[in-house]
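Colleague: Input structure: input03.cif, which contains mmCIF, C-alpha atoms and all ligand atoms.
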data_target
#
loop_
_atom_site.group_PDB
_atom_site.id
_atom_site.type_symbol
_atom_site.label_atom_id
_atom_site.label_comp_id
_atom_site.auth_asym_id
_atom_site.auth_seq_id
_atom_site.Cartn_x
_atom_site.Cartn_y
_atom_site.Cartn_z
ATOM 1 C CA MET U 1 -23.329 -67.152 55.901
ATOM 2 C CA LYS U 2 -21.056 -70.003 54.840
ATOM 3 C CA LEU U 3 -17.542 -69.096 53.826
ATOM 4 C CA SER U 4 -18.072 -70.384 50.237
ATOM 5 C CA THR U 5 -21.208 -68.186 49.865
ATOM 6 C CA LEU U 6 -19.316 -65.145 51.152
ATOM 7 C CA PHE U 7 -16.562 -65.848 48.618
ATOM 8 C CA LEU U 8 -19.160 -66.072 45.820
ATOM 9 C CA VAL U 9 -20.765 -62.757 46.848
ATOM 10 C CA LEU U 10 -17.366 -61.016 46.964
ATOM 11 C CA THR U 11 -16.475 -62.408 43.516
ATOM 12 C CA VAL U 12 -19.743 -61.065 42.042
ATOM 13 C CA ILE U 13 -19.142 -57.599 43.580
ATOM 14 C CA TRP U 14 -15.567 -57.579 42.251
ATOM 15 C CA THR U 15 -16.737 -58.585 38.733
ATOM 16 C CA ILE U 16 -19.403 -55.830 38.663
ATOM 17 C CA GLY U 17 -16.772 -53.322 39.843
ATOM 18 C CA CYS U 18 -14.403 -54.371 37.046
ATOM 19 C CA SER U 19 -16.991 -54.174 34.280
ATOM 20 C CA ALA U 20 -17.989 -50.682 35.485
ATOM 21 C CA ALA U 21 -14.337 -49.659 35.243
ATOM 22 C CA ASN U 22 -14.058 -51.239 31.782
ATOM 23 C CA SER U 23 -17.068 -49.333 30.468
ATOM 24 C CA THR U 24 -15.478 -46.072 31.778
ATOM 25 C CA ILE U 25 -12.252 -46.755 29.900
ATOM 26 C CA GLU U 26 -14.101 -46.698 26.589
ATOM 27 C CA LYS U 27 -15.615 -43.271 27.348
ATOM 28 C CA VAL U 28 -12.288 -41.446 27.876
ATOM 29 C CA ILE U 29 -11.287 -39.659 24.683
ATOM 30 C CA VAL U 30 -8.361 -37.267 24.837
ATOM 31 C CA ASN U 31 -7.309 -35.293 21.783
ATOM 32 C CA LYS U 32 -3.626 -34.504 21.597
ATOM 33 C CA LEU U 33 -2.580 -31.076 20.382
ATOM 34 C CA ASP U 34 -1.101 -31.317 16.910
ATOM 35 C CA GLN U 35 1.472 -28.597 17.450
ATOM 36 C CA ASP U 36 4.355 -28.025 19.820
ATOM 37 C CA ILE U 37 4.076 -25.418 22.570
ATOM 38 C CA VAL U 38 7.174 -23.201 22.737
ATOM 39 C CA ILE U 39 8.436 -21.713 26.020
ATOM 40 C CA LYS U 40 11.612 -19.762 26.741
ATOM 41 C CA ARG U 41 13.688 -20.206 29.873
ATOM 42 C CA GLY U 42 12.591 -17.817 32.618
ATOM 43 C CA GLU U 43 9.144 -17.377 31.070
ATOM 44 C CA VAL U 44 5.518 -18.537 31.465
ATOM 45 C CA VAL U 45 3.040 -19.740 28.862
ATOM 46 C CA LYS U 46 -0.698 -20.171 29.227
ATOM 47 C CA VAL U 47 -1.727 -23.572 27.831
ATOM 48 C CA GLU U 48 -5.264 -24.244 26.625
ATOM 49 C CA LEU U 49 -5.713 -27.957 26.077
ATOM 50 C CA PRO U 50 -8.677 -29.963 24.801
ATOM 51 C CA ALA U 51 -10.781 -31.219 27.728
ATOM 52 C CA PRO U 52 -11.114 -35.011 27.893
ATOM 53 C CA ASP U 53 -14.520 -36.464 27.102
ATOM 54 C CA THR U 54 -15.150 -37.777 30.601
ATOM 55 C CA ALA U 55 -16.320 -36.654 34.022
ATOM 56 C CA LEU U 56 -13.448 -38.515 35.701
ATOM 57 C CA ASP U 57 -10.969 -36.485 37.745
ATOM 58 C CA PHE U 58 -7.413 -36.171 36.439
ATOM 59 C CA GLU U 59 -4.173 -34.329 37.067
ATOM 60 C CA LEU U 60 -2.350 -32.192 34.509
ATOM 61 C CA SER U 61 1.314 -33.112 34.720
ATOM 62 C CA CYS U 62 4.072 -31.310 32.794
ATOM 63 C CA ASN U 63 7.651 -32.559 33.104
ATOM 64 C CA GLY U 64 6.520 -34.527 36.167
ATOM 65 C CA GLN U 65 5.164 -31.387 37.862
ATOM 66 C CA ASN U 66 1.501 -31.192 38.867
ATOM 67 C CA ILE U 67 -0.023 -28.058 37.262
ATOM 68 C CA ILE U 68 -3.145 -26.550 38.864
ATOM 69 C CA TYR U 69 -5.677 -26.000 36.072
ATOM 70 C CA HIS U 70 -9.195 -24.716 35.663
ATOM 71 C CA LYS U 71 -11.863 -25.429 33.079
ATOM 72 C CA LYS U 72 -12.955 -22.593 30.819
ATOM 73 C CA GLU U 73 -15.251 -22.862 27.798
ATOM 74 C CA GLY U 74 -14.554 -26.567 27.306
ATOM 75 C CA LEU U 75 -10.784 -26.129 27.614
ATOM 76 C CA ILE U 76 -8.294 -27.058 30.299
ATOM 77 C CA VAL U 77 -6.370 -23.868 31.127
ATOM 78 C CA GLY U 78 -3.108 -23.876 33.067
ATOM 79 C CA TYR U 79 0.159 -21.945 33.295
ATOM 80 C CA ILE U 80 3.488 -23.652 32.779
ATOM 81 C CA SER U 81 6.715 -21.917 33.725
ATOM 82 C CA GLU U 82 10.285 -22.641 32.747
ATOM 83 C CA SER U 83 13.095 -22.112 35.231
ATOM 84 C CA TYR U 84 15.756 -19.494 34.488
ATOM 85 C CA PHE U 85 18.199 -22.337 35.227
ATOM 86 C CA SER U 86 16.520 -24.731 32.738
ATOM 87 C CA ASN U 87 18.729 -27.147 30.791
ATOM 88 C CA MET U 88 16.216 -26.715 27.938
ATOM 89 C CA THR U 89 15.312 -30.378 27.505
ATOM 90 C CA PRO U 90 11.966 -30.806 25.699
ATOM 91 C CA TYR U 91 9.182 -32.496 27.670
ATOM 92 C CA THR U 92 5.531 -33.505 27.508
ATOM 93 C CA CYS U 93 2.306 -32.722 29.359
ATOM 94 C CA GLU U 94 -0.070 -35.519 30.279
ATOM 95 C CA TYR U 95 -3.502 -36.032 31.762
ATOM 96 C CA ILE U 96 -3.110 -38.583 34.529
ATOM 97 C CA PHE U 97 -6.273 -40.394 35.612
ATOM 98 C CA SER U 98 -6.684 -42.688 38.592
ATOM 99 C CA LYS U 99 -4.932 -45.995 38.034
ATOM 100 C CA GLU U 100 -7.542 -47.678 40.210
ATOM 101 C CA VAL U 101 -10.280 -46.675 37.751
ATOM 102 C CA LEU U 102 -8.490 -46.950 34.402
ATOM 103 C CA GLY U 103 -5.792 -49.518 35.068
ATOM 104 C CA GLU U 104 -2.600 -49.204 33.018
ATOM 105 C CA ASN U 105 -4.211 -46.922 30.372
ATOM 106 C CA ASN U 106 -4.453 -43.989 32.763
ATOM 107 C CA ILE U 107 -1.939 -41.553 31.171
ATOM 108 C CA TYR U 108 -2.730 -39.492 28.043
ATOM 109 C CA LYS U 109 -0.106 -37.273 26.444
ATOM 110 C CA VAL U 110 -1.673 -33.948 25.428
ATOM 111 C CA ALA U 111 1.197 -31.622 24.481
ATOM 112 C CA ASN U 112 4.862 -31.436 23.520
ATOM 113 C CA ILE U 113 6.802 -28.594 25.080
ATOM 114 C CA VAL U 114 9.853 -27.146 23.337
ATOM 115 C CA VAL U 115 12.191 -24.993 25.449
ATOM 116 C CA GLU U 116 14.137 -22.168 23.815
ATOM 117 C CA ASP U 117 17.088 -20.218 25.167
ATOM 118 C CA ARG U 118 17.244 -16.455 25.585
ATOM 119 C CA GLN U 119 20.030 -14.051 26.427
ATOM 120 C CA PHE U 120 20.253 -11.906 29.560
ATOM 121 C CA GLN U 121 22.377 -8.837 30.214
ATOM 122 C CA SER U 122 25.081 -8.318 32.862
ATOM 123 C CA GLU U 123 25.413 -5.540 35.435
ATOM 124 C CA THR U 124 27.519 -4.554 38.446
ATOM 125 C CA LEU U 125 26.105 -3.024 41.643
ATOM 126 C CA LYS U 126 27.329 -1.475 44.889
ATOM 127 C CA VAL U 127 25.271 -2.272 48.008
ATOM 128 C CA ASP U 128 25.743 -2.178 51.803
ATOM 129 C CA PRO U 129 28.435 -4.842 52.580
ATOM 130 C CA LYS U 130 26.306 -5.958 55.555
ATOM 131 C CA THR U 131 23.812 -7.370 53.029
ATOM 132 C CA ILE U 132 26.528 -9.424 51.290
ATOM 133 C CA THR U 133 28.342 -10.976 54.260
ATOM 134 C CA LEU U 134 25.597 -11.673 56.788
ATOM 135 C CA SER U 135 26.013 -11.474 60.569
ATOM 136 C CA LYS U 136 24.781 -14.468 62.603
ATOM 137 C CA LYS U 137 21.669 -12.498 63.587
ATOM 138 C CA ASN U 138 20.887 -11.509 60.000
ATOM 139 C CA LEU U 139 21.529 -15.053 58.757
ATOM 140 C CA GLU U 140 18.990 -16.334 61.304
ATOM 141 C CA ARG U 141 16.521 -13.704 60.145
ATOM 142 C CA VAL U 142 17.023 -14.564 56.450
ATOM 143 C CA THR U 143 16.615 -18.292 57.192
ATOM 144 C CA LYS U 144 13.371 -17.656 59.074
ATOM 145 C CA GLU U 145 12.019 -15.413 56.314
ATOM 146 C CA PHE U 146 12.911 -18.022 53.681
ATOM 147 C CA GLU U 147 10.818 -20.547 55.609
ATOM 148 C CA ILE U 148 7.872 -18.113 55.751
ATOM 149 C CA THR U 149 7.937 -17.400 52.005
ATOM 150 C CA SER U 150 8.500 -21.076 51.068
ATOM 151 C CA LYS U 151 5.354 -21.995 52.992
ATOM 152 C CA ILE U 152 3.424 -19.232 51.218
ATOM 153 C CA TYR U 153 4.568 -20.409 47.777
ATOM 154 C CA SER U 154 3.389 -23.962 48.464
ATOM 155 C CA ASN U 155 -0.195 -22.904 49.319
ATOM 156 C CA SER U 156 -1.799 -21.233 46.316
ATOM 157 C CA SER U 157 -5.557 -21.024 45.703
ATOM 158 C CA LYS U 158 -6.778 -23.899 43.494
ATOM 159 C CA GLN U 159 -9.079 -21.446 41.681
ATOM 160 C CA PRO U 160 -7.938 -18.393 39.692
ATOM 161 C CA LEU U 161 -8.526 -15.211 41.723
ATOM 162 C CA PHE U 162 -8.226 -13.100 38.552
ATOM 163 C CA ASP U 163 -10.182 -12.914 35.317
ATOM 164 C CA LYS U 164 -8.379 -10.135 33.450
ATOM 165 C CA PRO U 165 -4.856 -9.924 31.968
ATOM 166 C CA PHE U 166 -1.921 -9.070 34.257
ATOM 167 C CA THR U 167 -0.527 -5.536 33.928
ATOM 168 C CA MET U 168 2.936 -4.106 34.548
ATOM 169 C CA PRO U 169 2.721 -2.330 37.931
ATOM 170 C CA LEU U 170 4.433 0.830 36.603
ATOM 171 C CA SER U 171 4.951 2.268 33.124
ATOM 172 C CA SER U 172 8.241 3.990 34.050
ATOM 173 C CA LYS U 173 11.629 2.959 32.615
ATOM 174 C CA ILE U 174 12.820 -0.561 33.442
ATOM 175 C CA THR U 175 16.209 0.062 35.062
ATOM 176 C CA SER U 176 17.061 -3.627 35.462
ATOM 177 C CA PRO U 177 15.260 -6.295 33.433
ATOM 178 C CA PHE U 178 14.541 -9.873 34.500
ATOM 179 C CA GLY U 179 17.481 -12.264 34.403
ATOM 180 C CA SER U 180 20.376 -9.768 34.586
ATOM 181 C CA GLN U 181 23.554 -11.449 35.712
ATOM 182 C CA ARG U 182 24.713 -9.337 38.628
ATOM 183 C CA VAL U 183 27.972 -8.848 40.459
ATOM 184 C CA TYR U 184 27.520 -7.166 43.859
ATOM 185 C CA ASN U 185 30.472 -5.141 45.270
ATOM 186 C CA ASN U 186 32.861 -6.933 42.870
ATOM 187 C CA GLU U 187 32.475 -10.167 44.834
ATOM 188 C CA LYS U 188 29.032 -11.801 44.965
ATOM 189 C CA LYS U 189 27.439 -13.093 41.781
ATOM 190 C CA SER U 190 23.724 -13.677 41.434
ATOM 191 C CA GLN U 191 20.814 -13.343 39.023
ATOM 192 C CA HIS U 192 18.151 -10.666 39.108
ATOM 193 C CA LEU U 193 14.955 -12.726 39.017
ATOM 194 C CA GLY U 194 12.555 -9.771 38.896
ATOM 195 C CA ILE U 195 12.080 -6.426 37.135
ATOM 196 C CA ASP U 196 13.189 -3.048 38.529
ATOM 197 C CA PHE U 197 11.135 0.016 37.615
ATOM 198 C CA ARG U 198 12.383 3.574 38.023
ATOM 199 C CA ALA U 199 10.485 5.284 40.872
ATOM 200 C CA THR U 200 11.295 8.011 43.352
ATOM 201 C CA SER U 201 10.226 7.377 46.941
ATOM 202 C CA GLY U 202 6.451 7.495 47.561
ATOM 203 C CA VAL U 203 5.100 6.512 44.128
ATOM 204 C CA PRO U 204 1.769 4.607 44.546
ATOM 205 C CA ILE U 205 2.190 0.942 43.549
ATOM 206 C CA PRO U 206 -0.819 -0.862 42.038
ATOM 207 C CA ALA U 207 -1.417 -4.642 42.158
ATOM 208 C CA SER U 208 -0.803 -6.131 38.720
ATOM 209 C CA ASN U 209 -3.916 -8.281 39.102
ATOM 210 C CA SER U 210 -6.617 -9.301 41.583
ATOM 211 C CA GLY U 211 -5.745 -11.758 44.315
ATOM 212 C CA LYS U 212 -5.194 -12.321 48.013
ATOM 213 C CA VAL U 213 -2.413 -10.647 50.015
ATOM 214 C CA VAL U 214 -0.462 -13.526 51.561
ATOM 215 C CA LEU U 215 2.412 -11.447 52.963
ATOM 216 C CA ALA U 216 2.725 -7.765 53.919
ATOM 217 C CA GLN U 217 5.815 -7.224 56.081
ATOM 218 C CA ASP U 218 9.411 -6.028 56.271
ATOM 219 C CA LEU U 219 11.934 -8.645 55.018
ATOM 220 C CA PHE U 220 15.758 -8.498 55.177
ATOM 221 C CA TYR U 221 16.515 -8.517 51.435
ATOM 222 C CA THR U 222 13.328 -7.126 49.892
ATOM 223 C CA GLY U 223 12.413 -4.607 52.634
ATOM 224 C CA LYS U 224 8.744 -3.709 52.988
ATOM 225 C CA THR U 225 7.203 -6.358 50.777
ATOM 226 C CA VAL U 226 3.778 -7.456 49.550
ATOM 227 C CA ILE U 227 3.153 -10.902 48.054
ATOM 228 C CA ILE U 228 -0.168 -11.530 46.276
ATOM 229 C CA ASP U 229 -1.527 -15.011 45.527
ATOM 230 C CA HIS U 230 -3.468 -14.905 42.248
ATOM 231 C CA GLY U 231 -4.392 -18.613 42.363
ATOM 232 C CA LEU U 232 -3.105 -21.494 40.174
ATOM 233 C CA ASN U 233 0.368 -21.149 41.758
ATOM 234 C CA ILE U 234 0.832 -17.615 40.382
ATOM 235 C CA PHE U 235 2.295 -15.082 42.847
ATOM 236 C CA SER U 236 3.462 -11.474 42.378
ATOM 237 C CA THR U 237 5.862 -9.646 44.708
ATOM 238 C CA TYR U 238 6.388 -5.897 45.254
ATOM 239 C CA ALA U 239 9.594 -5.031 47.119
ATOM 240 C CA HIS U 240 11.624 -2.215 48.756
ATOM 241 C CA MET U 241 8.475 -0.162 49.463
ATOM 242 C CA SER U 242 8.533 2.774 51.946
ATOM 243 C CA LYS U 243 4.996 2.144 53.178
ATOM 244 C CA LEU U 244 2.460 -0.688 52.876
ATOM 245 C CA ASN U 245 -1.203 -0.013 52.170
ATOM 246 C CA VAL U 246 -2.577 -3.563 52.673
ATOM 247 C CA LYS U 247 -2.330 -6.330 55.253
ATOM 248 C CA LYS U 248 -2.142 -10.120 55.137
ATOM 249 C CA ASP U 249 -5.381 -11.845 54.031
ATOM 250 C CA ASP U 250 -6.758 -8.722 52.280
ATOM 251 C CA LEU U 251 -8.451 -9.443 48.964
ATOM 252 C CA VAL U 252 -7.270 -6.879 46.436
ATOM 253 C CA LEU U 253 -8.594 -5.911 43.044
ATOM 254 C CA ARG U 254 -6.416 -5.354 39.982
ATOM 255 C CA LYS U 255 -4.712 -1.915 40.160
ATOM 256 C CA LYS U 256 -5.525 -1.424 43.864
ATOM 257 C CA ILE U 257 -2.745 0.627 45.528
ATOM 258 C CA ILE U 258 -0.917 -1.837 47.784
ATOM 259 C CA GLY U 259 1.919 0.437 48.923
ATOM 260 C CA TYR U 260 4.403 3.191 48.025
ATOM 261 C CA SER U 261 7.856 2.838 46.469
ATOM 262 C CA GLY U 262 11.002 3.220 48.553
ATOM 263 C CA ALA U 263 14.501 1.864 49.197
ATOM 264 C CA THR U 264 13.991 -0.541 52.128
ATOM 265 C CA GLY U 265 15.958 -3.826 52.297
ATOM 266 C CA ARG U 266 18.990 -4.493 50.046
ATOM 267 C CA SER U 267 18.628 -1.668 47.580
ATOM 268 C CA THR U 268 20.813 0.807 45.713
ATOM 269 C CA GLY U 269 18.161 3.558 45.951
ATOM 270 C CA PRO U 270 14.398 4.062 45.602
ATOM 271 C CA HIS U 271 12.773 1.882 42.915
ATOM 272 C CA LEU U 272 10.157 -0.846 42.604
ATOM 273 C CA HIS U 273 11.253 -4.474 42.344
ATOM 274 C CA TRP U 274 8.438 -6.582 40.853
ATOM 275 C CA GLY U 275 8.779 -10.345 41.030
ATOM 276 C CA VAL U 276 6.571 -13.102 39.617
ATOM 277 C CA LYS U 277 6.746 -16.701 40.825
ATOM 278 C CA ILE U 278 4.826 -19.462 39.037
ATOM 279 C CA ASN U 279 5.001 -23.134 40.029
ATOM 280 C CA ASN U 280 8.013 -22.265 42.169
ATOM 281 C CA ASN U 281 9.975 -20.694 39.291
ATOM 282 C CA TYR U 282 10.760 -16.979 39.270
ATOM 283 C CA ILE U 283 9.835 -15.838 35.769
ATOM 284 C CA ASP U 284 9.887 -12.680 33.667
ATOM 285 C CA GLY U 285 6.680 -10.750 34.493
ATOM 286 C CA VAL U 286 6.632 -9.415 30.915
ATOM 287 C CA SER U 287 5.830 -12.957 29.705
ATOM 288 C CA LEU U 288 2.922 -13.203 32.188
ATOM 289 C CA VAL U 289 1.473 -9.900 30.926
ATOM 290 C CA LYS U 290 1.832 -11.130 27.318
ATOM 291 C CA THR U 291 0.416 -14.627 27.773
ATOM 292 C CA THR U 292 -2.639 -13.408 29.731
ATOM 293 C CA SER U 293 -3.344 -10.670 27.142
ATOM 294 C CA ASN U 294 -3.831 -13.180 24.301
HETATM 295 ZN ZN ZN L 1 15.132 -5.859 41.584
#
Give the structure from the file, written as structure tokens.
Ligand SMILES: [Zn+2]

Modeller:
Amino acid sequence: MKLSTLFLVLTVIWTIGCSAANSTIEKVIVNKLDQDIVIKRGEVVKVELPAPDTALDFELSCNGQNIIYHKKEGLIVGYISESYFSNMTPYTCEYIFSKEVLGENNIYKVANIVVEDRQFQSETLKVDPKTITLSKKNLERVTKEFEITSKIYSNSSKQPLFDKPFTMPLSSKITSPFGSQRVYNNEKKSQHLGIDFRATSGVPIPASNSGKVVLAQDLFYTGKTVIIDHGLNIFSTYAHMSKLNVKKDDLVLRKKIIGYSGATGRSTGPHLHWGVKINNNYIDGVSLVKTTSN
């Protein structure tokens, strides 16, 4: 084949490719929501957005963060979370299509997100000083455990592993709500990014929803701990237990007993600490129960 013929063939292929892409552009219709979605700092909201009129793949991006979504009854369903440390700047969610297919018109805004503030209470606690000023050995342990949990939180199932609303693990009194500003032993300040439920030692602890056990072991701060991946970057944590009833990689159903309450790790006494992490933000589990019940 002569070089000029090859050039002609390549030009024809390129032109056909471009016209195919152009005809796809016309088929993409995305309806924008006509109302703002409101989220409070330290909370989660389920978003149900109109699905685009196309079979093309796209990413759901909110505030520059890729949100894992699934399709349900013609809607795009995802969970957006707002950090406890949010500066409460409003932002948008977009569908981002491949630039190679759609060219410059590949981003469609679908929602405006408004962030509201909320107040949190303060509390003081007395704990073992060894858990405030760490020895070299304990610091090494904490660092290693942080690496283990970070890896877990970056590997959620792309499909939801649940199809019912989340439930509170216990119905007993909440002794420390999410977001309390804490002072430990009059020296160390931190935030309580979970919920503490009153429980004597040995109370059976149910999973707040179905999912896969991705951690079941003793950790320095949270003691005997279970972490469940529910898919879509939603994780729940059950801490300070006296005994575990599941192991890593177990698939658990909603309300399955995963362990028994206790006072292991950094704890002031027997209770259940329940944590929820969504898209790498610790959030108030009460908001997850509410938003999945609607
Ligand atoms: Zn707690």

Colleague: Once you count all atoms listed in the file, what closest atom pair and distance in Å to one decimal does each residue of chain U within 9 Å of ligand ZN 1 (chain L) have, with rows by chain and rising residue number, as a tab-separated table?

Modeller:
residue	atom	partner	partner_atom	distance
U:Thr175	CA	L:ZN1	ZN	8.9
U:Ser176	CA	L:ZN1	ZN	6.8
U:Pro177	CA	L:ZN1	ZN	8.2
U:Phe178	CA	L:ZN1	ZN	8.2
U:His192	CA	L:ZN1	ZN	6.2
U:Leu193	CA	L:ZN1	ZN	7.3
U:Gly194	CA	L:ZN1	ZN	5.4
U:Ile195	CA	L:ZN1	ZN	5.4
U:Asp196	CA	L:ZN1	ZN	4.6
U:Phe197	CA	L:ZN1	ZN	8.1
U:Thr222	CA	L:ZN1	ZN	8.6
U:Ala239	CA	L:ZN1	ZN	7.9
U:His240	CA	L:ZN1	ZN	8.8
U:Ser267	CA	L:ZN1	ZN	8.1
U:His271	CA	L:ZN1	ZN	8.2
U:Leu272	CA	L:ZN1	ZN	7.1
U:His273	CA	L:ZN1	ZN	4.2
U:Trp274	CA	L:ZN1	ZN	6.8
U:Gly275	CA	L:ZN1	ZN	7.8

Colleague: Tell me, as a ChimeraX atom specification, which residues lie within 6 Å of range 101-117 of chain U, counting only C-alpha atoms; anything in the same chain fewer than 2 positions away does not count.

Modeller: /U:21,25,32-33,36-41,88,90-99

Colleague: Would you mind listing what lies within 7 Å of Leu49 in chain U as an MDAnalysis selection string, with all atoms listed in the file counted and same-chain residues fewer than 4 positions away left out?

Modeller: chainID U and resid 75:77

Colleague: For a quick check of understanding, using all atoms listed in the file, which of U:Arg182, U:Lys164, U:Lys144, U:Arg266 has the smallest distance to Thr131 in chain U?

Modeller: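 Nearest candidate to Thr131 in chain U out of U:Arg182, U:Lys164, U:Lys144, U:Arg266: U:Arg266.
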
Colleague: Do you have, as a tab-separated table, the list of residues of range 174-217 of chain U lying at most 12 Å from range 241-246 of chain U, each with its nearest atom pair and that distance in Å to one decimal, counting only C-alpha atoms and ordered by chain then number?

Modeller:
residue	atom	partner	partner_atom	distance
U:Ala199	CA	U:Met241	CA	10.4
U:Thr200	CA	U:Ser242	CA	10.4
U:Ser201	CA	U:Ser242	CA	7.0
U:Gly202	CA	U:Ser242	CA	6.8
U:Val203	CA	U:Met241	CA	9.2
U:Pro204	CA	U:Asn245	CA	9.4
U:Ile205	CA	U:Met241	CA	8.7
U:Pro206	CA	U:Asn245	CA	10.2
U:Ala207	CA	U:Val246	CA	10.6
U:Lys212	CA	U:Val246	CA	10.3
U:Val213	CA	U:Val246	CA	7.6
U:Val214	CA	U:Val246	CA	10.2
U:Leu215	CA	U:Val246	CA	9.3
U:Ala216	CA	U:Val246	CA	6.9
U:Gln217	CA	U:Leu244	CA	8.0

Colleague: Using all atoms listed in the file, which residue out of U:Pro165, U:Thr264, U:Ile227, U:Ser208 lies closest to Ile148 in chain U?

Modeller: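 Going through U:Pro165, U:Thr264, U:Ile227, U:Ser208 one by one, the smallest distance to Ile148 in chain U is for U:Ile227.
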
Colleague: Box along x, y and z, 4 Å on every side, all listed atoms of range 117-121 of chain U inside: centre and edge lengths in Å to one decimal, as JSON.

Modeller:
{"center_x": 19.7, "center_y": -14.5, "center_z": 27.7, "size_x": 13.3, "size_y": 19.4, "size_z": 13.0}

Colleague: Select, from U:Val127, U:Thr167, U:Lys188, U:Gln159, the residue with the minimum atom-to-atom distance to Lys71 in chain U, counting all atoms listed in the file.

Modeller: U:Gln159

Colleague: Please report the interatomic distance between CA of Val226 in chain U and CA of Leu251 in chain U in Å with one decimal.

Modeller: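 So the answer is 12.4 Å.
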
Colleague: Go through the shown structure with the PyMOL selection byres (((chain U and resi 85) around 8) and not hetatm) and write out the matching residues as a PDB file with C-alpha atoms, keeping the file's coordinate frame.

Modeller:
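Result file is part_1.pdb:
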ATOM      1  CA  ARG U  41      13.688 -20.206  29.873  1.00  0.00           C
ATOM      2  CA  GLY U  42      12.591 -17.817  32.618  1.00  0.00           C
ATOM      3  CA  SER U  83      13.095 -22.112  35.231  1.00  0.00           C
ATOM      4  CA  TYR U  84      15.756 -19.494  34.488  1.00  0.00           C
ATOM      5  CA  SER U  86      16.520 -24.731  32.738  1.00  0.00           C
ATOM      6  CA  ASN U  87      18.729 -27.147  30.791  1.00  0.00           C
TER       7      ASN U  87
END

Colleague: Mind telling me what the PyMOL selection byres (((chain U and resi 255) around 8) and not hetatm) catches here, as an NGL selection string?

Modeller: :U and (169 or 206-210 or 253-254 or 256-257)

Colleague: What separation in Å, quoted to one decimal, exists between CA of Lys136 in chain U and CA of Phe220 in chain U?

Modeller: 13.1 Å

Colleague: Select, from U:Thr237, U:Asn138, U:Val47, U:Thr54, the residue with the minimum atom-to-atom distance to Ile80 in chain U, counting only C-alpha atoms.

Modeller: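 Closest candidate: U:Val47.
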
Colleague: Point out the residue among U:Leu56, U:Asn281, U:Asp249, U:Gly223 with the least atom-to-atom distance to Ser261 in chain U, counting all atoms listed in the file.

Modeller: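 When distances to Ser261 in chain U are compared using all atoms listed in the file, the smallest one comes from U:Gly223.
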